[in-house]
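**Student:** I'd like to ask some things about the structure below.
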Amino acid sequence: MSEEPRLWPALLVAAIVVLSIAAVMFIGTEDDESEPRLPEDLQLVYSASVVTGNLTVHGTQTMNLTEAGNSGWTHWEAEGFWAPSVDFPFYGGQYLLDEIEMDTPWGVKSVCRTVSLMVGYDPELRVTYSGSGSHLTYREDILSEGFRATFLLSSVNFTGMPEIDNRPCGDGPFPGYSETQSSWTLDGGYSSAMMAVDEGPRAYRINVTGYDYYHFGQDDVMAMVGGGSFRYDTTRSVIGNGTVEFVPEGDWFLRFIEPEGDGPHQFHMETWVGD
């Protein structure tokens with residue numbers, strides 16, 4: 001059997017991801033006069049590695065942008081395969097985890113490492129490494145069940161890269177949202193968030209019909225960020241139909257809520273503090 005049908009979804013996602021990365025390339029440069037301005041017309045080349053099932057593909061993703069990122073096109077090449085340009089809005093980089101130093105072709109850069117969950121699909125965790133001053137994406141990882149892709153910025157068509165992103169981001173980690181409601185319901189909608197683990201402790205009861213509730217504990221997220229495969233807390237998740245009760249652990253957790261199938265769809269959550 002040809003490998004092309006198995007490879008195509010991964011390549012399509014790869015094209016989507018890097019196009020989404022590119023939309024944030026210019027944020028912040030206009031307000032920061034201490035670093036060189038990025039040009040309005042530029043080309044960014046990413047080396048990419050896509051792992052899906054037992055298949056690993058290495059390729060190159062080229063992103064061409066004009067007018068400060070308002071328009072552009074993307075092209076993917078890998079072992080003779082090609083994925084078309086995909087028009088897709090930027091999504092990644094919701095929640096700041098930490099600030100780290102990262103080796104790049106232009107020296108060590110100070111980058112902000114953020115995570116986000118993509119709604120409207122099966123759960124996808126994105127890990128984005130953005131320059132402290134330029135907000136240029138130096139790396140992005142995307143993980144889902146049986147899939148991992150890594151994109152590394154390898155070349156650009158302008159000079160001045162050694163002079164940017166050499167100072168700290170200056171922002172503290174996002175602590176997660178505090179739970180403000182003791183009860184809430186969804187009827188067909190999606191939701192994702194980073195939630196703080198409140199003192200008390202706060203307990204949760206999740207009841208779903210035709211819904212998937214994925215609970216990503218702090219340990220699950222950091223394991224994936226550190227290079228591990230896709231994982232979530234199965235003991236605190238409920239898929240399809242059923243009820244689960246739990247007390248979260250760590251300092252924060254990610255939750256992903258999506259309807260499943262044709263319905264009916266009903267998601268209901270209750271929380272309380274104490275025994």
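In the structure tokens, each chain is lettered A, B, ... as it comes, each chain's residues begin at 1, and ligands are numbered from 1 in order of appearance.
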Find the residues around stretch 109-123 of chain A up to 6 Å (only C-alpha atoms counted), leave out those fewer than 2 positions away in its own chain, and share them as an MDAnalysis selection string.

**Tutor:** chainID A and resid 92:102 125:132 165:166 168

**Student:** Can you write out the residues you just picked, keeping N, CA and C atoms, as a tab-separated table (two decimals), in the first residue's frame?

**Tutor:**
```tsv
chain	number	residue	atom	x	y	z
A	92	GLY	N	-1.92	29.82	18.43
A	92	GLY	CA	-1.03	29.37	19.49
A	92	GLY	C	-0.59	30.46	20.43
A	93	GLY	N	0.03	30.05	21.55
A	93	GLY	CA	0.64	30.96	22.47
A	93	GLY	C	-0.30	31.58	23.48
A	94	GLN	N	-1.29	30.85	23.97
A	94	GLN	CA	-2.25	31.43	24.90
A	94	GLN	C	-1.69	31.64	26.30
A	95	TYR	N	-1.05	30.62	26.87
A	95	TYR	CA	-0.70	30.64	28.28
A	95	TYR	C	0.81	30.54	28.46
A	96	LEU	N	1.39	31.53	29.13
A	96	LEU	CA	2.83	31.56	29.33
A	96	LEU	C	3.24	30.59	30.42
A	97	LEU	N	4.12	29.65	30.06
A	97	LEU	CA	4.65	28.69	31.04
A	97	LEU	C	5.88	29.23	31.75
A	98	ASP	N	6.85	29.70	30.96
A	98	ASP	CA	8.11	30.15	31.54
A	98	ASP	C	8.91	30.87	30.46
A	99	GLU	N	10.05	31.37	30.88
A	99	GLU	CA	11.00	31.99	29.97
A	99	GLU	C	12.28	31.17	30.00
A	100	ILE	N	12.80	30.82	28.82
A	100	ILE	CA	14.00	30.01	28.75
A	100	ILE	C	14.95	30.62	27.72
A	101	GLU	N	16.18	30.13	27.73
A	101	GLU	CA	17.13	30.47	26.70
A	101	GLU	C	17.22	29.32	25.72
A	102	MET	N	17.27	29.64	24.43
A	102	MET	CA	17.19	28.64	23.38
A	102	MET	C	18.31	28.85	22.38
A	125	LEU	N	-2.31	19.98	21.51
A	125	LEU	CA	-1.53	20.88	22.35
A	125	LEU	C	-0.45	21.51	21.50
A	126	ARG	N	-0.36	22.84	21.56
A	126	ARG	CA	0.70	23.57	20.86
A	126	ARG	C	1.64	24.19	21.88
A	127	VAL	N	2.92	24.04	21.63
A	127	VAL	CA	3.95	24.64	22.46
A	127	VAL	C	4.73	25.60	21.57
A	128	THR	N	4.72	26.88	21.91
A	128	THR	CA	5.30	27.92	21.07
A	128	THR	C	6.45	28.60	21.81
A	129	TYR	N	7.56	28.80	21.09
A	129	TYR	CA	8.74	29.47	21.62
A	129	TYR	C	8.90	30.80	20.87
A	130	SER	N	8.53	31.91	21.52
A	130	SER	CA	8.50	33.21	20.87
A	130	SER	C	9.59	34.12	21.40
A	131	GLY	N	10.24	34.86	20.51
A	131	GLY	CA	11.29	35.77	20.91
A	131	GLY	C	10.81	36.82	21.89
A	132	SER	N	11.66	37.15	22.87
A	132	SER	CA	11.26	38.06	23.95
A	132	SER	C	10.91	39.44	23.45
A	165	ASP	N	16.14	39.73	20.49
A	165	ASP	CA	15.75	38.72	21.48
A	165	ASP	C	16.92	38.31	22.38
A	166	ASN	N	17.67	39.30	22.83
A	166	ASN	CA	18.81	39.04	23.70
A	166	ASN	C	18.57	39.45	25.15
A	168	PRO	N	15.59	39.46	28.62
A	168	PRO	CA	14.47	38.68	29.16
A	168	PRO	C	13.11	39.19	28.70
```

**Student:** So which residues touch A:Ser191 within 8 Å, counting only C-alpha atoms, skipping near sequence neighbours fewer than 4 positions away, as a PyMOL selection string?

**Tutor:** chain A and resi 119+255-258

**Student:** Okay, now the selection with N, CA and C atoms, as a PDB file, in the first residue's frame?

**Tutor:**
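Heads up, here's the output in result37.pdb:
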```
ATOM      1  N   VAL A 119      -9.252  24.269  19.768  1.00  0.00           N
ATOM      2  CA  VAL A 119     -10.633  23.816  19.819  1.00  0.00           C
ATOM      3  C   VAL A 119     -11.165  23.642  18.405  1.00  0.00           C
ATOM      4  N   ARG A 255      -7.973  22.210  30.580  1.00  0.00           N
ATOM      5  CA  ARG A 255      -9.159  21.408  30.279  1.00  0.00           C
ATOM      6  C   ARG A 255      -9.607  21.694  28.853  1.00  0.00           C
ATOM      7  N   PHE A 256     -10.130  20.646  28.225  1.00  0.00           N
ATOM      8  CA  PHE A 256     -10.574  20.729  26.835  1.00  0.00           C
ATOM      9  C   PHE A 256     -11.933  20.055  26.769  1.00  0.00           C
ATOM     10  N   ILE A 257     -12.940  20.780  26.275  1.00  0.00           N
ATOM     11  CA  ILE A 257     -14.317  20.287  26.264  1.00  0.00           C
ATOM     12  C   ILE A 257     -14.853  20.406  24.849  1.00  0.00           C
ATOM     13  N   GLU A 258     -15.358  19.298  24.292  1.00  0.00           N
ATOM     14  CA  GLU A 258     -15.883  19.328  22.927  1.00  0.00           C
ATOM     15  C   GLU A 258     -17.056  18.375  22.791  1.00  0.00           C
TER      16      GLU A 258
END
```

**Student:** Given only C-alpha atoms as the basis, pick out the residue of A:Glu124, A:Glu179, A:Asp212, A:Asp103 nearest to A:Leu152.

**Tutor:**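 Of all the options, A:Asp103 lies closest to A:Leu152.
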
**Student:** Could you please write out, as a list in words, every residue of stretch 134-169 of chain A that DSSP assigns to strand (DSSP E)?

**Tutor:**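 Checking each residue of stretch 134-169 of chain A, the strand (DSSP E) ones are Thr137, Tyr138, Arg139, Glu140, Asp141, Ile142, Leu143, Ser144, Phe147, Arg148, Ala149, Thr150, Phe151, Leu152, Leu153, Ser154, Ser155 and Val156 of chain A.
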
**Student:** Taking N, CA and C atoms for each residue, export the selection above as an mmCIF file, in the first residue's frame.

**Tutor:**
```
data_model
loop_
_atom_site.group_PDB
_atom_site.id
_atom_site.type_symbol
_atom_site.label_atom_id
_atom_site.label_comp_id
_atom_site.auth_asym_id
_atom_site.auth_seq_id
_atom_site.Cartn_x
_atom_site.Cartn_y
_atom_site.Cartn_z
ATOM 1 N N THR A 137 8.493 33.515 16.057
ATOM 2 C CA THR A 137 8.398 32.132 16.503
ATOM 3 C C THR A 137 9.636 31.367 16.046
ATOM 4 N N TYR A 138 10.452 30.957 17.014
ATOM 5 C CA TYR A 138 11.650 30.184 16.714
ATOM 6 C C TYR A 138 11.347 28.688 16.656
ATOM 7 N N ARG A 139 10.321 28.283 17.377
ATOM 8 C CA ARG A 139 9.973 26.857 17.392
ATOM 9 C C ARG A 139 8.501 26.719 17.739
ATOM 10 N N GLU A 140 7.871 25.706 17.150
ATOM 11 C CA GLU A 140 6.528 25.337 17.581
ATOM 12 C C GLU A 140 6.384 23.827 17.470
ATOM 13 N N ASP A 141 5.827 23.234 18.527
ATOM 14 C CA ASP A 141 5.498 21.809 18.550
ATOM 15 C C ASP A 141 3.983 21.678 18.575
ATOM 16 N N ILE A 142 3.489 20.662 17.890
ATOM 17 C CA ILE A 142 2.067 20.344 17.966
ATOM 18 C C ILE A 142 1.931 18.867 18.262
ATOM 19 N N LEU A 143 1.085 18.533 19.244
ATOM 20 C CA LEU A 143 0.907 17.161 19.664
ATOM 21 C C LEU A 143 -0.566 16.814 19.692
ATOM 22 N N SER A 144 -0.888 15.631 19.195
ATOM 23 C CA SER A 144 -2.212 15.054 19.347
ATOM 24 C C SER A 144 -2.026 13.547 19.431
ATOM 25 N N PHE A 147 0.430 11.687 17.015
ATOM 26 C CA PHE A 147 0.995 12.678 16.095
ATOM 27 C C PHE A 147 1.857 13.660 16.866
ATOM 28 N N ARG A 148 3.021 13.963 16.321
ATOM 29 C CA ARG A 148 3.859 15.029 16.873
ATOM 30 C C ARG A 148 4.612 15.694 15.726
ATOM 31 N N ALA A 149 4.591 17.018 15.700
ATOM 32 C CA ALA A 149 5.332 17.765 14.698
ATOM 33 C C ALA A 149 6.160 18.833 15.404
ATOM 34 N N THR A 150 7.377 19.037 14.913
ATOM 35 C CA THR A 150 8.278 20.048 15.464
ATOM 36 C C THR A 150 8.789 20.916 14.331
ATOM 37 N N PHE A 151 8.682 22.236 14.501
ATOM 38 C CA PHE A 151 9.118 23.200 13.502
ATOM 39 C C PHE A 151 10.185 24.095 14.122
ATOM 40 N N LEU A 152 11.330 24.199 13.473
ATOM 41 C CA LEU A 152 12.441 25.018 13.951
ATOM 42 C C LEU A 152 12.810 26.041 12.884
ATOM 43 N N LEU A 153 12.870 27.307 13.269
ATOM 44 C CA LEU A 153 13.271 28.347 12.331
ATOM 45 C C LEU A 153 14.732 28.137 11.950
ATOM 46 N N SER A 154 14.991 27.989 10.644
ATOM 47 C CA SER A 154 16.343 27.659 10.197
ATOM 48 C C SER A 154 16.987 28.763 9.377
ATOM 49 N N SER A 155 16.195 29.585 8.685
ATOM 50 C CA SER A 155 16.791 30.685 7.924
ATOM 51 C C SER A 155 15.753 31.766 7.660
ATOM 52 N N VAL A 156 16.253 32.992 7.449
ATOM 53 C CA VAL A 156 15.412 34.138 7.123
ATOM 54 C C VAL A 156 16.088 34.903 5.995
#
```

**Student:** Would you kindly return, as a PDB file with N, CA and C atoms, in the first residue's frame, each protein, DNA or RNA residue with an atom no farther than 10 Å from any atom of A:Gln181, considering only C-alpha atoms and excluding same-chain residues fewer than 6 positions away?

**Tutor:**
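This went into out.pdb:
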```
ATOM      1  N   MET A 269     -21.031  20.972  34.769  1.00  0.00           N
ATOM      2  CA  MET A 269     -19.954  20.927  35.752  1.00  0.00           C
ATOM      3  C   MET A 269     -20.416  21.592  37.040  1.00  0.00           C
ATOM      4  N   GLU A 270     -20.106  20.962  38.166  1.00  0.00           N
ATOM      5  CA  GLU A 270     -20.324  21.548  39.473  1.00  0.00           C
ATOM      6  C   GLU A 270     -19.005  21.553  40.229  1.00  0.00           C
ATOM      7  N   THR A 271     -18.781  22.593  41.012  1.00  0.00           N
ATOM      8  CA  THR A 271     -17.575  22.672  41.844  1.00  0.00           C
ATOM      9  C   THR A 271     -17.963  23.112  43.240  1.00  0.00           C
ATOM     10  N   TRP A 272     -17.165  22.710  44.190  1.00  0.00           N
ATOM     11  CA  TRP A 272     -17.374  23.121  45.569  1.00  0.00           C
ATOM     12  C   TRP A 272     -16.067  23.028  46.335  1.00  0.00           C
TER      13      TRP A 272
END
```

**Student:** Closest to A:Gly250 among A:Met222, A:Val50, A:Leu44, A:Ile164, using only C-alpha atoms?

**Tutor:** A:Met222

**Student:** Ranking A:Arg202, A:His135, A:His268, A:Arg37 by minimum distance to A:Cys169 and counting only C-alpha atoms, which one comes first?

**Tutor:**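 Ranked by minimum distance to A:Cys169, first place goes to A:His135.
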
**Student:** Would you compute the distance between atom CA of A:Ile239 and atom CA of A:Thr56? Give it in Å to one decimal.

**Tutor:**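 Atom CA of A:Thr56 lies 29.1 Å from atom CA of A:Ile239.
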
**Student:** Please determine, counting only C-alpha atoms, which residue among A:Thr185, A:Ser237, A:Thr209, A:Gly226 has the shortest atom-to-atom distance to A:Gly261.

**Tutor:** A:Thr209

**Student:** Could you jot down the atom CA of A:Ser192 to atom CA of A:Val221 separation for me, Å, one decimal place?

**Tutor:**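 The value is 14.0 Å.
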
**Student:** For A:Val51, which of A:Gly146, A:Tyr204, A:Tyr177, A:Thr159 is the closest residue, counting only C-alpha atoms?

**Tutor:**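 Distance minimum relative to A:Val51 lands on A:Gly146.
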
**Student:** Could you check which of A:Glu249, A:Gly53, A:Gly227, A:Gly210 is closest to A:Asp262, using only C-alpha atoms?

**Tutor:**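 Using only C-alpha atoms, A:Asp262 sits closest to A:Gly210.
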
**Student:** Report the distance between atom CA of A:Leu186 and atom CA of A:Pro259 in Å, rounded to one decimal place.

**Tutor:**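 So the two atoms, atom CA of A:Leu186 and atom CA of A:Pro259, lie 9.2 Å apart.
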
**Student:** Please provide the set of residues having any atom within 7 Å of A:Leu254, restricted to only C-alpha atoms, with same-chain residues fewer than 6 positions apart removed, written as a list in words.

**Tutor:**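 The residues that qualify are Ala193, Met194, Met195, His215, Phe216 and Gly217 of chain A.
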
**Student:** What would the file look like if the residues just selected were written as a PDB file, in the first residue's frame with N, CA and C atoms?

**Tutor:**
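Output below, filename result_23.pdb:
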```pdb
ATOM      1  N   ALA A 193      -9.272  25.959  28.545  1.00  0.00           N
ATOM      2  CA  ALA A 193      -8.743  26.964  29.459  1.00  0.00           C
ATOM      3  C   ALA A 193      -7.645  26.359  30.308  1.00  0.00           C
ATOM      4  N   MET A 194      -6.773  27.236  30.840  1.00  0.00           N
ATOM      5  CA  MET A 194      -5.853  26.860  31.900  1.00  0.00           C
ATOM      6  C   MET A 194      -6.472  27.341  33.206  1.00  0.00           C
ATOM      7  N   MET A 195      -6.684  26.426  34.146  1.00  0.00           N
ATOM      8  CA  MET A 195      -7.354  26.737  35.392  1.00  0.00           C
ATOM      9  C   MET A 195      -6.384  26.613  36.556  1.00  0.00           C
ATOM     10  N   HIS A 215      -8.862  16.192  30.671  1.00  0.00           N
ATOM     11  CA  HIS A 215      -8.172  16.874  31.764  1.00  0.00           C
ATOM     12  C   HIS A 215      -6.674  16.651  31.612  1.00  0.00           C
ATOM     13  N   PHE A 216      -5.930  17.746  31.428  1.00  0.00           N
ATOM     14  CA  PHE A 216      -4.482  17.685  31.306  1.00  0.00           C
ATOM     15  C   PHE A 216      -3.878  18.267  32.579  1.00  0.00           C
ATOM     16  N   GLY A 217      -3.375  17.408  33.457  1.00  0.00           N
ATOM     17  CA  GLY A 217      -2.740  17.891  34.664  1.00  0.00           C
ATOM     18  C   GLY A 217      -1.427  18.588  34.360  1.00  0.00           C
TER      19      GLY A 217
END
```

**Student:** Which residues are near A:Gln43? Cut-off 7 Å, only C-alpha atoms, ignore same chain within fewer than 4 positions. Put them as a VMD selection string.

**Tutor:** chain A and resid 63 to 65 156 to 157

**Student:** Write the residues of the selection above to a file with N, CA and C atoms, as a short mmCIF file (atom, residue, chain, number, x, y, z; two decimals), in the first residue's frame.

**Tutor:**
```
data_model
loop_
_atom_site.label_atom_id
_atom_site.label_comp_id
_atom_site.auth_asym_id
_atom_site.auth_seq_id
_atom_site.Cartn_x
_atom_site.Cartn_y
_atom_site.Cartn_z
N MET A 63 7.65 30.04 4.57
CA MET A 63 6.57 31.00 4.79
C MET A 63 6.97 32.34 4.22
N ASN A 64 6.16 32.87 3.31
CA ASN A 64 6.40 34.19 2.72
C ASN A 64 5.32 35.13 3.21
N LEU A 65 5.73 36.25 3.79
CA LEU A 65 4.78 37.21 4.35
C LEU A 65 4.99 38.58 3.75
N VAL A 156 16.25 32.99 7.45
CA VAL A 156 15.41 34.14 7.12
C VAL A 156 16.09 34.90 5.99
N ASN A 157 15.36 35.81 5.37
CA ASN A 157 15.91 36.55 4.23
C ASN A 157 16.28 37.99 4.59
#
```
